[in-house]
Amino acid sequence: MRQIKPLSETQIKNAKPGEKSRSLFDGGGLYLLIQPNGSKGWRFKYTFDGKGKLLSMGIYPEVGLKEARERREEARKLIASGVDPQVNRKAAKAGRLERSTNSFETIAREWLAKRATILSPGHILRIQRQLEVDIFPWIGGKHIAKVTPPEILDVLRRIESRGAIETAHRAQSNISQIFRYAGSTGRVSADPCWNLRGALTPVKKQHLASITEPKKFATLLLAIDNYVGGFVVKSAFKLAPLLFVRPGELRQMIWEEVDLEAVEWNFTASKTKPEFTVPLSTQALKILKEIHPLTSGGKYVFPNPRTPDGSRPLSENAILVALRSLGYTKEEMTGHGFRASARTMLDERLNFRPDFIEAQLAHAVKDPLGRAYNRTKFLKERREMMQAWADYLDELKKSEKGGAI
């Protein structure tokens with residue numbers, strides 16, 4: 001049998017295509033197949049279980065002579081150990097596909113796509129960024145069923161170590177939701193985050209979040225104007241920053257207490273609090289007049305959409321849910337936060353007297369003689385203040401649309 005002389009790089013480079021395919025043999029079953037179009041591909045010819053087989057080894061020059069020989073030797077070792085290189089390659093490819101399909105990142109993105117139908121684009125973008133920056137680099141490529149509690153804890157500790165305690169807790173919550181989603185689709189049997197309960201530094205309770213920076217508040221106001229929820233909820237949502245009353249007081253506003261002619265709202269928040277007057281700006285009055293034809297036949301200005309007879313007010317979470325739908329987290333803004341926003345900007349931006357502001361917030365402020373202010377205390381001044389506040393909010397929105405404040 002004629003011995004085959006091994007190929008050289010020069011021989012391969014200088015090899016020209018012909019009218020038909022031709023082969024340059026290197027020995028040990030390895031040869032270079034040269035096509036009429038000039039392409040050159042490595043092939044490995046071998047016998048397994050008495051059958052002749054052929055295995056592609058890559059395209060030249062991406063796979064050079066040295067690497068092609070290494071691949072040939074790996075294939076020969078498999079044959080020697082009783083493994084068909086073709087079958088082994090198919091199994092490896094299937095394994096890679098299975099790992100890719102069931103990797104933590106793949107399933108996380110699948111879960112996030114499902115959430116996109118119920119969360120705002122801004123909220124989805126924040127979750128996506130956290131996953132890509134804080135989570136995927138460490139466990140994204142792993143098969144989700146092989147991600148362990150210690151590995152998740154390492155990821156969370158990295159976030160925690162930079163002082164982002166709340167972010168670490170949100171990351172744990174998102175990871176847990178991803179595992180529960182994977183469980184519902186039969187790809188994992190349990191949520192490993194259950195084993196991490198109490199492992200992170202507890203989040204310290206803080207005051208209810210509010211936005212007090214004008215430009216950011218303008219962005220929120222524009223988002224409220226573009227809110228696509230029901231008309232009743234949207235009307236309450238638009239009124240919240242204008243009146244900055246407590247969320248429970250706003251949602252339980254009743255028509256009997258609203259005087260559209262006197263342009264004021266007189267209400268009693270509870271049995272332990274005196275009647276209070278809220279002057280209505282022209283902007284607030286417009287919102288109430290718009291919803292009047294729809295709900296004035298019932299008790300509440302903002303009835304619960306789930307009660308056809310209007311016998312119940314909006315749910316206590318209505319404004320909060322609306323904020324979340326716009327992408328604002330509990331760390332950024334709450335329904336109660338409109339009060340802090342108004343208090344800060346009325347003082348720092350519009351320079352109203354603190355006692356006027358506190359009186360409008362219905363806080364238990366007392367005069368020099370120790371008497372609590374009654375519902376009409378500073379009413380004239382508060383009317384002017386509430387109109388100035390509403391006009392200021394309009395200016396914020398106009399400035400934000402124009403790109404500067």
# chains A, B, ... in the order shown; residues from 1 in each chain; ligands from 1
call {"tool": "residues_around", "arguments": {"residues": "Glu249 (chain A)", "least_positions_apart": "3", "cutoff": "10 Å", "atoms": "only C-alpha atoms", "output": "ChimeraX atom specification"}}
result
/A:244-246,252-254,267-270
call {"tool": "select_by_dssp", "arguments": {"residues": "region 54-155 of chain A", "states": "alpha helix (DSSP H)", "output": "ChimeraX atom specification"}}
result
/A:65-80,85-101,104-115,121-130,149-155
call {"tool": "atom_distance", "arguments": {"atom1": "CA of Ala340 (chain A)", "atom2": "CA of Phe302 (chain A)"}}
result
23.1 Å
call {"tool": "atom_distance", "arguments": {"atom1": "CA of Gly141 (chain A)", "atom2": "CA of Ala168 (chain A)"}}
result
20.3 Å
call {"tool": "closest_atom_pairs", "arguments": {"of": "region 161-277 of chain A", "to": "region 116-125 of chain A", "cutoff": "12 Å", "atoms": "only C-alpha atoms", "output": "Markdown table"}}
result
| residue | atom | partner | partner_atom | distance |
| --- | --- | --- | --- | --- |
| A:Asn174 | CA | A:Ile124 | CA | 11.5 |
| A:Ala223 | CA | A:Ser120 | CA | 10.8 |
| A:Tyr227 | CA | A:Ser120 | CA | 10.3 |
| A:Val228 | CA | A:Ser120 | CA | 10.8 |
| A:Gly229 | CA | A:Ile118 | CA | 11.9 |
call {"tool": "write_last_selection", "arguments": {"atoms": "C-alpha atoms", "output": "mmCIF file, in the first residue's frame"}}
result
data_model
loop_
_atom_site.group_PDB
_atom_site.id
_atom_site.type_symbol
_atom_site.label_atom_id
_atom_site.label_comp_id
_atom_site.auth_asym_id
_atom_site.auth_seq_id
_atom_site.Cartn_x
_atom_site.Cartn_y
_atom_site.Cartn_z
ATOM 1 C CA ASN A 174 -36.955 38.809 40.125
ATOM 2 C CA ALA A 223 -46.757 60.354 32.101
ATOM 3 C CA TYR A 227 -51.912 57.193 31.231
ATOM 4 C CA VAL A 228 -54.082 54.740 29.293
ATOM 5 C CA GLY A 229 -56.140 53.284 32.132
#
call {"tool": "atom_distance", "arguments": {"atom1": "CA of Pro17 (chain A)", "atom2": "CA of Glu70 (chain A)"}}
result
25.4 Å
call {"tool": "closest_residue", "arguments": {"among": "A:Ile178, A:Phe237, A:Glu74, A:His292", "to": "Ala113 (chain A)", "atoms": "only C-alpha atoms"}}
result
A:Ile178
call {"tool": "residues_around", "arguments": {"residues": "Met385 (chain A)", "least_positions_apart": "5", "cutoff": "9 Å", "atoms": "only C-alpha atoms", "output": "VMD selection string"}}
result
chain A and resid 346 350 352 356 to 357 380 390
call {"tool": "residues_around", "arguments": {"residues": "Met345 (chain A)", "least_positions_apart": "2", "cutoff": "10 Å", "atoms": "only C-alpha atoms", "output": "VMD selection string"}}
result
chain A and resid 211 to 214 340 to 343 347 to 352 389 392
call {"tool": "residues_around", "arguments": {"residues": "Pro247 (chain A)", "least_positions_apart": "5", "cutoff": "10 Å", "atoms": "only C-alpha atoms", "output": "JSON, numbers by chain"}}
result
{"A": [236, 240, 252, 316, 317, 318, 319, 320, 334, 335, 336, 337, 338, 339]}
call {"tool": "closest_residue", "arguments": {"among": "A:Pro241, A:Gly58, A:Gly64, A:Gly248", "to": "Leu314 (chain A)", "atoms": "only C-alpha atoms"}}
result
A:Gly248
call {"tool": "residues_around", "arguments": {"residues": "Glu132 (chain A)", "least_positions_apart": "6", "cutoff": "12 Å", "atoms": "only C-alpha atoms", "output": "VMD selection string"}}
result
chain A and resid 104 to 106 108 to 109 125 to 126 138 to 141 171
call {"tool": "residues_around", "arguments": {"residues": "Ala68 (chain A)", "least_positions_apart": "6", "cutoff": "9 Å", "atoms": "only C-alpha atoms", "output": "number ranges by chain"}}
result
A: 30, 42-43, 57-58
call {"tool": "write_last_selection", "arguments": {"atoms": "C-alpha atoms", "output": "PDB file, in the first residue's frame"}}
result
ATOM      1  CA  LEU A  30      -7.761  13.270   6.746  1.00  0.00           C
ATOM      2  CA  TRP A  42     -11.398  19.293   5.597  1.00  0.00           C
ATOM      3  CA  ARG A  43     -12.865  15.779   5.651  1.00  0.00           C
ATOM      4  CA  MET A  57     -13.585  18.947   9.998  1.00  0.00           C
ATOM      5  CA  GLY A  58     -14.059  22.609   9.054  1.00  0.00           C
TER       6      GLY A  58
END
